[in-house]
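See below for the structure under consideration.
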Amino acid sequence: MAETRYTKDHEYIRIEGDTGIVGITDYAQGQLGDVVFVELPSIGKSVTKGGEAAVVESVKAASEVYAPVSGEVVEVNSELEGAPGTVNEDPAGKGWFVKLKLKDPAELEGLMSEGEYQNYVKTL
Amino acid sequence: MAADVDVAAAAQAEAAAPLKTPLHARHVALGARMVPFAGYDMPVQYPTGILTEHNWTREKAGLFDVSHMGQAFLIGPDHETTARALEALIPADILNLAPGKQRYSQLLNEEGGILDDLMVSRSLDEDEDGALYLVVNAACKTQDYAHIEARLPANVKLVRAEHRGLIALQGPAAEQALAAIAPEAAAMGFMSQRTIRVAGIKANVSRSGYTGEDGYEISAAASRIGEIWDTLLLDESVKPIGLGARDSLRLEAGLCLYGHDIDTTTSPVEAGLTWSIQKRRREEGGFPGAARIQRELAEGPARIRVGLLPEGRAPAREGAEIATPEGETVGTVTSGGFGPTLNAPCAMGYVARAHAAPGTRLDLIVRGRNLPATVAPMPFVPNRYKR
């Protein structure tokens with residue numbers, strides 16, 4: 001079964017074998033408001049844990065999406081270029097940003113589980 | 001995820017307890033997201049979100065709480081005395097401002113830089129002869145009042161209207177919605193001002209706004225403004241709109257935001273606001289910075305505020321560098337974002353005059369990359385004022 005881990009900056013990574021699908025949480029899309037533009041990295045780019053993986057722009061602000069773990073971008077959700085609002089409508093599903101090939105699966109240990117993340121959001 | 005820029009909440013997030021407008025509890029009850037803005041706790045958006053609020057205002061009517069703005073009266077013995085006292089501080093012709101009319105202007109420093117922009121109106125009522133009503137920006141009001149008071153003659157006084165609220169009703173359905181509870185509002189022309197009853201409450205109403213749409217600004221006692229707000233929201237064409245959509249609406253309308261598109265370093269001529277300096281004042285001068293402004297009017301300013309349309313979908317925001325395709329830096333973006341009605345990004349900024357002609361190709365530097373853009377006339381979305 002796929003496991004999903006979370007960052008304090010409200011990114012998620014859904015683990016599928018040695019890859020992970022990265023997006024932002026429902027809480028994050030709600031805070032951001034209507035997404036009007038998404039800038040995705042090029043395939044093959046190496047990202048480091050905590051570094052910029054993508055940029056998401058709402059009407060009022062530009063925000064960085066950080067890589068939850070280090071890895072190589074193997075796929076991007078180019079559907080978002082024509083339909084950035086998908087990030088608001090289905091952040092955990094069709095609104096994903098990038099697929100990473102994990103560099104060091106041990107990095108996942110430092111991220112929150114679903115339950116831990118939900119508790120964390122309640123404190124905000 | 002972390003916000004780099006926050007245009008709507010861009011401001012003075014003050015550590016002290018924020019001030020509340022008379023409508024604060026209503027915003028909270030409506031589910032608004034509240035943010036610190038110019039020392040006040042203000043609604044940036046309601047649950048439907050900025051895009052929906054923006055589009056609603058363009059299609060129906062949006063209701064905005066702008067009670068954080070500074071309202072004041074200048075009171076002197078007669079119109080000429082009060083008008084001349086204000087004309088010493090601003091470049092607009094106030095002497096010839098007809099009763100019941102409103103004008104946009106700027107408070108200037110001695111270098112012709114803009115200390116604030118403001119609306120000035122003259123009452124239609126003869127028993128208020130000698131009084132002018134001012135609306136200034138929230139973030140500037142304390143400094144503005146000090147600046148004005150220090151320069152008034154002894155027989156003209158500034159009276160802060162601290163116990164008044166201010167709301168704006170904007171959009172194509174604004175006339176119908178307001179006329180239903182204030183019939184006299186229908187006949188008012190753009191930039192006119194009347195003291196009328198709105199839902200039975202005495203209010204100072206002007207036909208103006210900050211969205212590019214037809215609409216009104218309604219000032220009433222802080223203790224009564226909530227009743228007007230509630231009555232307007234009973235109309236199904238009226239919905240509350242937050243500061244987020246207020247910013248995207250004014251950007252599409254090509255209107256300046258103080259502290260961003262205009263400030264103490266920009267003159268009204270550079271800002272493209274020469275339309276607000278009437279002929280008599282251009283010729284006679286007699287306002288702060290007149291030498292610079294008259295020189296810029298005669299010779300053209302070194303730089304000028306222009307509209308910019310980026311290619312593609314990526315917005316360019318405040319602070320982005322503007323360069324020629326050859327790589328020469330020629331200016332900076334002062335406001336930018338995504339225009340929901342335009343369904344495209346739009347921006348404004350200052351560029352050297354040689355690059356200001358509409359159609360000029362320029363690059364906006366966004367996250368280290370060159371985003372091609374074209375100089376475009378403003379407004380980006382046509383104005384629909386009631387002339």
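Labels for the structure tokens follow display order: chains A, B, ..., residues from 1 in each chain, ligands from 1.
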
Residues of chain B within 12 Å of chain A, only C-alpha atoms counted, as number ranges by chain: B: 1-10, 33-35, 44-54, 242-249, 251, 312-318, 335-341, 343-346, 366-367, 369

As a VMD selection string, please: every residue in stretch 28-104 of chain B that DSSP puts in strand (DSSP E or B). chain B and resid 33 to 37 40 to 45 61 to 65 70 to 75 101 to 104

Nearest residue to B:Gly209 from the set B:Ile304, B:Leu255, B:Ala222, B:Ala186 (distances using only C-alpha atoms): B:Leu255

Tell me which protein, DNA and RNA residues are within 12 Å of B:Glu80, counting only C-alpha atoms, leaving out same-chain ones fewer than 2 positions away, and put them as a list of chain:residue names.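 The residues that qualify are B:Ile75, B:Gly76, B:Pro77, B:Asp78, B:Thr82, B:Ala83, B:Arg84, B:Ala85, B:Leu86, B:Glu87, B:Asp93, B:Ile94, B:Leu95, B:Asn96, B:Leu97, B:Ala98, B:Arg122, B:Asp129, B:Gly130, B:Ala131, B:Leu132, B:Asn155, B:Val156.
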
Set the distance at 8 Å and use only C-alpha atoms: which residues neighbour A:Ile43 once local chain neighbours fewer than 5 positions away are removed? I'd like the list as a count of residues only. 5

Please report, as a PyMOL selection string, each residue of chain A to which DSSP assigns alpha helix (DSSP H) when run on this structure's backbone. chain A and resi 26-32+79-82+86-89+114-122

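Here atom CA of B:Ala168 stands at a distance of 14.5 Å from atom CA of B:Met42.
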